[in-house]
file protein-v6.pdb (PDB, C-alpha atoms)
ATOM      1  CA  MET A   5     108.978  87.224  85.238
ATOM      2  CA  ALA A   6     106.202  86.966  82.659
ATOM      3  CA  LYS A   7     103.075  84.930  83.345
ATOM      4  CA  ARG A   8     100.636  83.386  80.903
ATOM      5  CA  LEU A   9      96.935  84.215  81.244
ATOM      6  CA  GLN A  10      94.329  82.043  79.573
ATOM      7  CA  VAL A  11      90.877  83.449  78.910
ATOM      8  CA  ILE A  12      88.049  81.452  77.318
ATOM      9  CA  LEU A  13      85.918  83.487  74.907
ATOM     10  CA  LEU A  14      82.899  82.667  72.812
ATOM     11  CA  ASP A  15      83.591  82.664  69.075
ATOM     12  CA  PRO A  16      81.782  85.980  68.441
ATOM     13  CA  GLU A  17      83.759  87.680  71.236
ATOM     14  CA  TYR A  18      87.036  86.324  69.908
ATOM     15  CA  ARG A  19      86.264  87.432  66.351
ATOM     16  CA  GLU A  20      85.372  90.934  67.553
ATOM     17  CA  ILE A  21      88.637  91.259  69.478
ATOM     18  CA  GLN A  22      90.531  89.851  66.505
ATOM     19  CA  ARG A  23      88.892  92.404  64.209
ATOM     20  CA  MET A  24      89.718  95.270  66.586
ATOM     21  CA  ALA A  25      93.339  94.155  66.923
ATOM     22  CA  ARG A  26      93.757  93.817  63.150
ATOM     23  CA  SER A  27      92.309  97.277  62.577
ATOM     24  CA  ARG A  28      95.107  98.649  64.793
ATOM     25  CA  HIS A  29      97.776  96.434  63.180
ATOM     26  CA  MET A  30      98.291  94.640  66.489
ATOM     27  CA  THR A  31      98.367  91.067  67.651
ATOM     28  CA  ILE A  32      95.455  89.931  69.766
ATOM     29  CA  ALA A  33      97.842  89.509  72.704
ATOM     30  CA  GLU A  34      99.057  93.110  72.455
ATOM     31  CA  TRP A  35      95.498  94.421  72.116
ATOM     32  CA  VAL A  36      94.455  92.472  75.228
ATOM     33  CA  ARG A  37      97.502  93.725  77.196
ATOM     34  CA  GLN A  38      96.629  97.314  76.295
ATOM     35  CA  ALA A  39      92.955  96.803  77.157
ATOM     36  CA  LEU A  40      93.899  95.333  80.540
ATOM     37  CA  ASP A  41      96.309  98.218  81.165
ATOM     38  CA  LEU A  42      93.557 100.756  80.436
ATOM     39  CA  ALA A  43      91.129  98.913  82.698
ATOM     40  CA  ARG A  44      93.702  98.740  85.492
ATOM     41  CA  ARG A  45      94.456 102.459  85.289
ATOM     42  CA  GLY A  46      90.756 103.276  85.339
ATOM     43  CA  GLU A  47      90.093 101.186  88.433
ATOM     44  CA  SER A  48      89.746 103.173  91.659
ATOM     45  CA  LEU A  49      92.181 102.075  94.333
ATOM     46  CA  GLY A  50      90.295 103.394  97.310
ATOM     47  CA  ASP A  51      87.289 105.155  98.729
ATOM     48  CA  VAL A  52      86.927 108.582  97.099
ATOM     49  CA  GLY A  53      85.340 110.018 100.248
ATOM     50  CA  LYS A  54      88.309 108.954 102.358
ATOM     51  CA  LYS A  55      90.764 110.424  99.846
ATOM     52  CA  LEU A  56      88.891 113.746  99.863
ATOM     53  CA  GLU A  57      88.836 113.830 103.673
ATOM     54  CA  VAL A  58      92.609 113.334 103.794
ATOM     55  CA  ILE A  59      93.079 116.195 101.318
ATOM     56  CA  ARG A  60      90.736 118.443 103.323
ATOM     57  CA  ALA A  61      92.592 117.611 106.565
ATOM     58  CA  ALA A  62      95.927 118.471 104.942
ATOM     59  CA  ALA A  63      94.511 121.738 103.586
ATOM     60  CA  ARG A  64      93.555 122.836 107.127
ATOM     61  CA  HIS A  65      97.235 122.995 108.119
ATOM     62  CA  ASP A  66      99.391 126.051 107.630
ATOM     63  CA  TYR A  67     102.495 124.779 105.869
ATOM     64  CA  PRO A  68     105.361 127.171 105.174
ATOM     65  CA  VAL A  69     105.613 127.873 101.467
ATOM     66  CA  SER A  70     107.545 130.149  99.208
ATOM     67  CA  ASP A  71     106.441 131.986  96.124
ATOM     68  CA  ILE A  72     106.555 129.890  92.939
ATOM     69  CA  GLY A  73     109.869 131.394  91.840
ATOM     70  CA  GLY A  74     111.466 130.492  95.160
ATOM     71  CA  MET A  75     110.078 126.948  95.072
ATOM     72  CA  LEU A  76     111.309 126.360  91.523
ATOM     73  CA  ALA A  77     114.761 127.680  92.414
ATOM     74  CA  GLU A  78     114.870 125.335  95.431
ATOM     75  CA  VAL A  79     113.895 122.366  93.263
ATOM     76  CA  GLU A  80     116.569 123.277  90.721
ATOM     77  CA  ARG A  81     119.205 123.531  93.478
ATOM     78  CA  GLY A  82     118.172 120.060  94.626
ATOM     79  CA  TYR A  83     118.604 118.670  91.103
ATOM     80  CA  ILE A  84     122.026 120.254  90.756
ATOM     81  CA  LYS A  85     123.115 118.994  94.180
ATOM     82  CA  GLY A  86     121.931 115.489  93.241
ATOM     83  CA  LEU A  87     124.017 115.563  90.064
ATOM     84  CA  ARG A  88     127.141 116.453  92.038
ATOM     85  CA  SER A  89     126.700 113.592  94.519
TER
END
call {"tool": "encode", "arguments": {"input": "protein-v6.pdb", "output": "structure tokens"}}
result
Amino acid sequence: MAKRLQVILLDPEYREIQRMARSRHMTIAEWVRQALDLARRGESLGDVGKKLEVIRAAARHDYPVSDIGGMLAEVERGYIKGLRS
């Protein structure tokens, strides 16, 4: 379901956004949606230190692995098996 978002801008801010949208042949609404999407993707969703510690803890384990050729063949077999199901 779509939701409406209302944002109050000063005239100079609005004109600047309008100018930027026009220069890209976009509506203001589409420009704002894209700007919000970029901001959302750039936002960190957690503590970087904690993320790094989790990666370091995982790297300390000795997981069984194959050579790259073997891993790719296993992935391909999984895809083929999934297509047959």
call {"tool": "axis_aligned_box", "arguments": {"input": "protein-v6.pdb", "around": "range 12-25 of chain A", "padding_each_side": "5 Å", "output": "AutoDock Vina command-line options"}}
result
--center_x 87.6 --center_y 88.4 --center_z 70.8 --size_x 21.6 --size_y 23.8 --size_z 23.1
call {"tool": "residues_around", "arguments": {"input": "protein-v6.pdb", "residues": "range 14-23 of chain A", "least_positions_apart": "6", "cutoff": "10 Å", "atoms": "all atoms listed in the file", "output": "ChimeraX atom specification"}}
result
/A:29-33,35-36
call {"tool": "atom_distance", "arguments": {"input": "protein-v6.pdb", "atom1": "CA of Asp41 in chain A", "atom2": "CA of Leu9 in chain A"}}
result
14.0 Å
call {"tool": "atom_distance", "arguments": {"input": "protein-v6.pdb", "atom1": "CA of Ala61 in chain A", "atom2": "CA of Met75 in chain A"}}
result
22.9 Å
call {"tool": "closest_residue", "arguments": {"input": "protein-v6.pdb", "among": "A:His65, A:Arg81, A:Ala25, A:Val58", "to": "Arg37 in chain A", "atoms": "only C-alpha atoms"}}
result
A:Ala25
call {"tool": "atom_distance", "arguments": {"input": "protein-v6.pdb", "atom1": "CA of Tyr67 in chain A", "atom2": "CA of Val79 in chain A"}}
result
17.2 Å
call {"tool": "decode", "arguments": {"input": "protein-v6.pdb", "residues": "range 36-80 of chain A", "atoms": "N, CA and C atoms", "output": "PDB file, in the first residue's frame"}}
result
ATOM      1  N   VAL A  36      12.383  13.210  -5.339  1.00  0.00           N
ATOM      2  CA  VAL A  36      12.393  13.039  -3.877  1.00  0.00           C
ATOM      3  C   VAL A  36      12.449  11.552  -3.524  1.00  0.00           C
ATOM      4  N   ARG A  37      11.669  10.709  -4.221  1.00  0.00           N
ATOM      5  CA  ARG A  37      11.716   9.263  -3.944  1.00  0.00           C
ATOM      6  C   ARG A  37      13.128   8.713  -4.154  1.00  0.00           C
ATOM      7  N   GLN A  38      13.776   9.135  -5.251  1.00  0.00           N
ATOM      8  CA  GLN A  38      15.132   8.661  -5.500  1.00  0.00           C
ATOM      9  C   GLN A  38      16.113   9.185  -4.459  1.00  0.00           C
ATOM     10  N   ALA A  39      15.961  10.426  -4.052  1.00  0.00           N
ATOM     11  CA  ALA A  39      16.845  10.995  -3.025  1.00  0.00           C
ATOM     12  C   ALA A  39      16.674  10.259  -1.698  1.00  0.00           C
ATOM     13  N   LEU A  40      15.431   9.952  -1.343  1.00  0.00           N
ATOM     14  CA  LEU A  40      15.181   9.204  -0.106  1.00  0.00           C
ATOM     15  C   LEU A  40      15.746   7.793  -0.198  1.00  0.00           C
ATOM     16  N   ASP A  41      15.628   7.163  -1.364  1.00  0.00           N
ATOM     17  CA  ASP A  41      16.174   5.825  -1.562  1.00  0.00           C
ATOM     18  C   ASP A  41      17.694   5.834  -1.391  1.00  0.00           C
ATOM     19  N   LEU A  42      18.360   6.825  -1.978  1.00  0.00           N
ATOM     20  CA  LEU A  42      19.814   6.936  -1.819  1.00  0.00           C
ATOM     21  C   LEU A  42      20.200   7.162  -0.362  1.00  0.00           C
ATOM     22  N   ALA A  43      19.465   8.004   0.324  1.00  0.00           N
ATOM     23  CA  ALA A  43      19.753   8.275   1.732  1.00  0.00           C
ATOM     24  C   ALA A  43      19.547   7.020   2.566  1.00  0.00           C
ATOM     25  N   ARG A  44      18.498   6.283   2.284  1.00  0.00           N
ATOM     26  CA  ARG A  44      18.201   5.055   3.030  1.00  0.00           C
ATOM     27  C   ARG A  44      19.303   4.024   2.826  1.00  0.00           C
ATOM     28  N   ARG A  45      19.755   3.860   1.595  1.00  0.00           N
ATOM     29  CA  ARG A  45      20.807   2.883   1.317  1.00  0.00           C
ATOM     30  C   ARG A  45      22.139   3.286   1.942  1.00  0.00           C
ATOM     31  N   GLY A  46      22.358   4.576   2.101  1.00  0.00           N
ATOM     32  CA  GLY A  46      23.602   5.045   2.687  1.00  0.00           C
ATOM     33  C   GLY A  46      23.623   5.009   4.199  1.00  0.00           C
ATOM     34  N   GLU A  47      22.468   4.819   4.798  1.00  0.00           N
ATOM     35  CA  GLU A  47      22.347   4.822   6.258  1.00  0.00           C
ATOM     36  C   GLU A  47      22.861   3.502   6.832  1.00  0.00           C
ATOM     37  N   SER A  48      23.733   3.582   7.809  1.00  0.00           N
ATOM     38  CA  SER A  48      24.249   2.382   8.471  1.00  0.00           C
ATOM     39  C   SER A  48      23.162   1.763   9.336  1.00  0.00           C
ATOM     40  N   LEU A  49      23.050   0.453   9.260  1.00  0.00           N
ATOM     41  CA  LEU A  49      22.017  -0.240  10.030  1.00  0.00           C
ATOM     42  C   LEU A  49      22.581  -0.946  11.257  1.00  0.00           C
ATOM     43  N   GLY A  50      23.702  -0.521  11.730  1.00  0.00           N
ATOM     44  CA  GLY A  50      24.251  -1.159  12.915  1.00  0.00           C
ATOM     45  C   GLY A  50      25.633  -0.632  13.238  1.00  0.00           C
ATOM     46  N   ASP A  51      26.139  -1.064  14.358  1.00  0.00           N
ATOM     47  CA  ASP A  51      27.453  -0.666  14.828  1.00  0.00           C
ATOM     48  C   ASP A  51      28.527  -1.365  13.999  1.00  0.00           C
ATOM     49  N   VAL A  52      29.386  -0.593  13.351  1.00  0.00           N
ATOM     50  CA  VAL A  52      30.426  -1.152  12.492  1.00  0.00           C
ATOM     51  C   VAL A  52      31.364  -2.042  13.301  1.00  0.00           C
ATOM     52  N   GLY A  53      31.697  -1.623  14.505  1.00  0.00           N
ATOM     53  CA  GLY A  53      32.588  -2.428  15.355  1.00  0.00           C
ATOM     54  C   GLY A  53      32.011  -3.799  15.646  1.00  0.00           C
ATOM     55  N   LYS A  54      30.716  -3.855  15.927  1.00  0.00           N
ATOM     56  CA  LYS A  54      30.063  -5.132  16.198  1.00  0.00           C
ATOM     57  C   LYS A  54      30.060  -6.016  14.950  1.00  0.00           C
ATOM     58  N   LYS A  55      29.787  -5.420  13.797  1.00  0.00           N
ATOM     59  CA  LYS A  55      29.796  -6.178  12.547  1.00  0.00           C
ATOM     60  C   LYS A  55      31.179  -6.772  12.290  1.00  0.00           C
ATOM     61  N   LEU A  56      32.232  -5.957  12.497  1.00  0.00           N
ATOM     62  CA  LEU A  56      33.590  -6.453  12.281  1.00  0.00           C
ATOM     63  C   LEU A  56      33.941  -7.572  13.250  1.00  0.00           C
ATOM     64  N   GLU A  57      33.504  -7.463  14.497  1.00  0.00           N
ATOM     65  CA  GLU A  57      33.782  -8.514  15.482  1.00  0.00           C
ATOM     66  C   GLU A  57      33.118  -9.825  15.087  1.00  0.00           C
ATOM     67  N   VAL A  58      31.902  -9.763  14.571  1.00  0.00           N
ATOM     68  CA  VAL A  58      31.213 -10.972  14.121  1.00  0.00           C
ATOM     69  C   VAL A  58      31.972 -11.611  12.964  1.00  0.00           C
ATOM     70  N   ILE A  59      32.453 -10.785  12.028  1.00  0.00           N
ATOM     71  CA  ILE A  59      33.225 -11.313  10.900  1.00  0.00           C
ATOM     72  C   ILE A  59      34.526 -11.936  11.387  1.00  0.00           C
ATOM     73  N   ARG A  60      35.195 -11.282  12.323  1.00  0.00           N
ATOM     74  CA  ARG A  60      36.458 -11.828  12.860  1.00  0.00           C
ATOM     75  C   ARG A  60      36.213 -13.144  13.591  1.00  0.00           C
ATOM     76  N   ALA A  61      35.114 -13.235  14.351  1.00  0.00           N
ATOM     77  CA  ALA A  61      34.789 -14.478  15.060  1.00  0.00           C
ATOM     78  C   ALA A  61      34.532 -15.603  14.066  1.00  0.00           C
ATOM     79  N   ALA A  62      33.816 -15.306  12.988  1.00  0.00           N
ATOM     80  CA  ALA A  62      33.539 -16.330  11.976  1.00  0.00           C
ATOM     81  C   ALA A  62      34.832 -16.771  11.282  1.00  0.00           C
ATOM     82  N   ALA A  63      35.741 -15.832  11.065  1.00  0.00           N
ATOM     83  CA  ALA A  63      36.993 -16.155  10.377  1.00  0.00           C
ATOM     84  C   ALA A  63      37.898 -17.043  11.218  1.00  0.00           C
ATOM     85  N   ARG A  64      37.703 -17.079  12.536  1.00  0.00           N
ATOM     86  CA  ARG A  64      38.526 -17.921  13.408  1.00  0.00           C
ATOM     87  C   ARG A  64      38.156 -19.402  13.300  1.00  0.00           C
ATOM     88  N   HIS A  65      37.011 -19.711  12.739  1.00  0.00           N
ATOM     89  CA  HIS A  65      36.567 -21.095  12.606  1.00  0.00           C
ATOM     90  C   HIS A  65      37.166 -21.723  11.356  1.00  0.00           C
ATOM     91  N   ASP A  66      37.269 -23.033  11.400  1.00  0.00           N
ATOM     92  CA  ASP A  66      37.818 -23.775  10.265  1.00  0.00           C
ATOM     93  C   ASP A  66      36.669 -24.485   9.565  1.00  0.00           C
ATOM     94  N   TYR A  67      36.075 -23.816   8.596  1.00  0.00           N
ATOM     95  CA  TYR A  67      34.952 -24.384   7.863  1.00  0.00           C
ATOM     96  C   TYR A  67      35.479 -25.218   6.703  1.00  0.00           C
ATOM     97  N   PRO A  68      34.810 -26.338   6.421  1.00  0.00           N
ATOM     98  CA  PRO A  68      35.247 -27.133   5.261  1.00  0.00           C
ATOM     99  C   PRO A  68      34.875 -26.403   3.963  1.00  0.00           C
ATOM    100  N   VAL A  69      35.837 -26.291   3.083  1.00  0.00           N
ATOM    101  CA  VAL A  69      35.587 -25.638   1.805  1.00  0.00           C
ATOM    102  C   VAL A  69      36.213 -26.461   0.689  1.00  0.00           C
ATOM    103  N   SER A  70      35.761 -26.189  -0.484  1.00  0.00           N
ATOM    104  CA  SER A  70      36.286 -26.837  -1.671  1.00  0.00           C
ATOM    105  C   SER A  70      37.067 -25.797  -2.456  1.00  0.00           C
ATOM    106  N   ASP A  71      37.730 -26.245  -3.498  1.00  0.00           N
ATOM    107  CA  ASP A  71      38.349 -25.271  -4.391  1.00  0.00           C
ATOM    108  C   ASP A  71      37.228 -24.562  -5.150  1.00  0.00           C
ATOM    109  N   ILE A  72      37.524 -23.449  -5.792  1.00  0.00           N
ATOM    110  CA  ILE A  72      36.492 -22.638  -6.433  1.00  0.00           C
ATOM    111  C   ILE A  72      35.754 -23.420  -7.509  1.00  0.00           C
ATOM    112  N   GLY A  73      36.446 -24.246  -8.249  1.00  0.00           N
ATOM    113  CA  GLY A  73      35.794 -25.061  -9.277  1.00  0.00           C
ATOM    114  C   GLY A  73      34.774 -26.007  -8.672  1.00  0.00           C
ATOM    115  N   GLY A  74      35.135 -26.632  -7.562  1.00  0.00           N
ATOM    116  CA  GLY A  74      34.218 -27.541  -6.878  1.00  0.00           C
ATOM    117  C   GLY A  74      33.007 -26.811  -6.319  1.00  0.00           C
ATOM    118  N   MET A  75      33.229 -25.623  -5.751  1.00  0.00           N
ATOM    119  CA  MET A  75      32.113 -24.852  -5.195  1.00  0.00           C
ATOM    120  C   MET A  75      31.154 -24.402  -6.293  1.00  0.00           C
ATOM    121  N   LEU A  76      31.696 -23.952  -7.415  1.00  0.00           N
ATOM    122  CA  LEU A  76      30.840 -23.514  -8.518  1.00  0.00           C
ATOM    123  C   LEU A  76      30.038 -24.678  -9.092  1.00  0.00           C
ATOM    124  N   ALA A  77      30.664 -25.843  -9.192  1.00  0.00           N
ATOM    125  CA  ALA A  77      29.959 -27.022  -9.687  1.00  0.00           C
ATOM    126  C   ALA A  77      28.834 -27.407  -8.730  1.00  0.00           C
ATOM    127  N   GLU A  78      29.080 -27.299  -7.420  1.00  0.00           N
ATOM    128  CA  GLU A  78      28.050 -27.620  -6.430  1.00  0.00           C
ATOM    129  C   GLU A  78      26.879 -26.638  -6.519  1.00  0.00           C
ATOM    130  N   VAL A  79      27.180 -25.372  -6.709  1.00  0.00           N
ATOM    131  CA  VAL A  79      26.128 -24.367  -6.862  1.00  0.00           C
ATOM    132  C   VAL A  79      25.301 -24.658  -8.101  1.00  0.00           C
ATOM    133  N   GLU A  80      25.977 -24.977  -9.197  1.00  0.00           N
ATOM    134  CA  GLU A  80      25.277 -25.286 -10.451  1.00  0.00           C
ATOM    135  C   GLU A  80      24.380 -26.506 -10.291  1.00  0.00           C
TER     136      GLU A  80
END
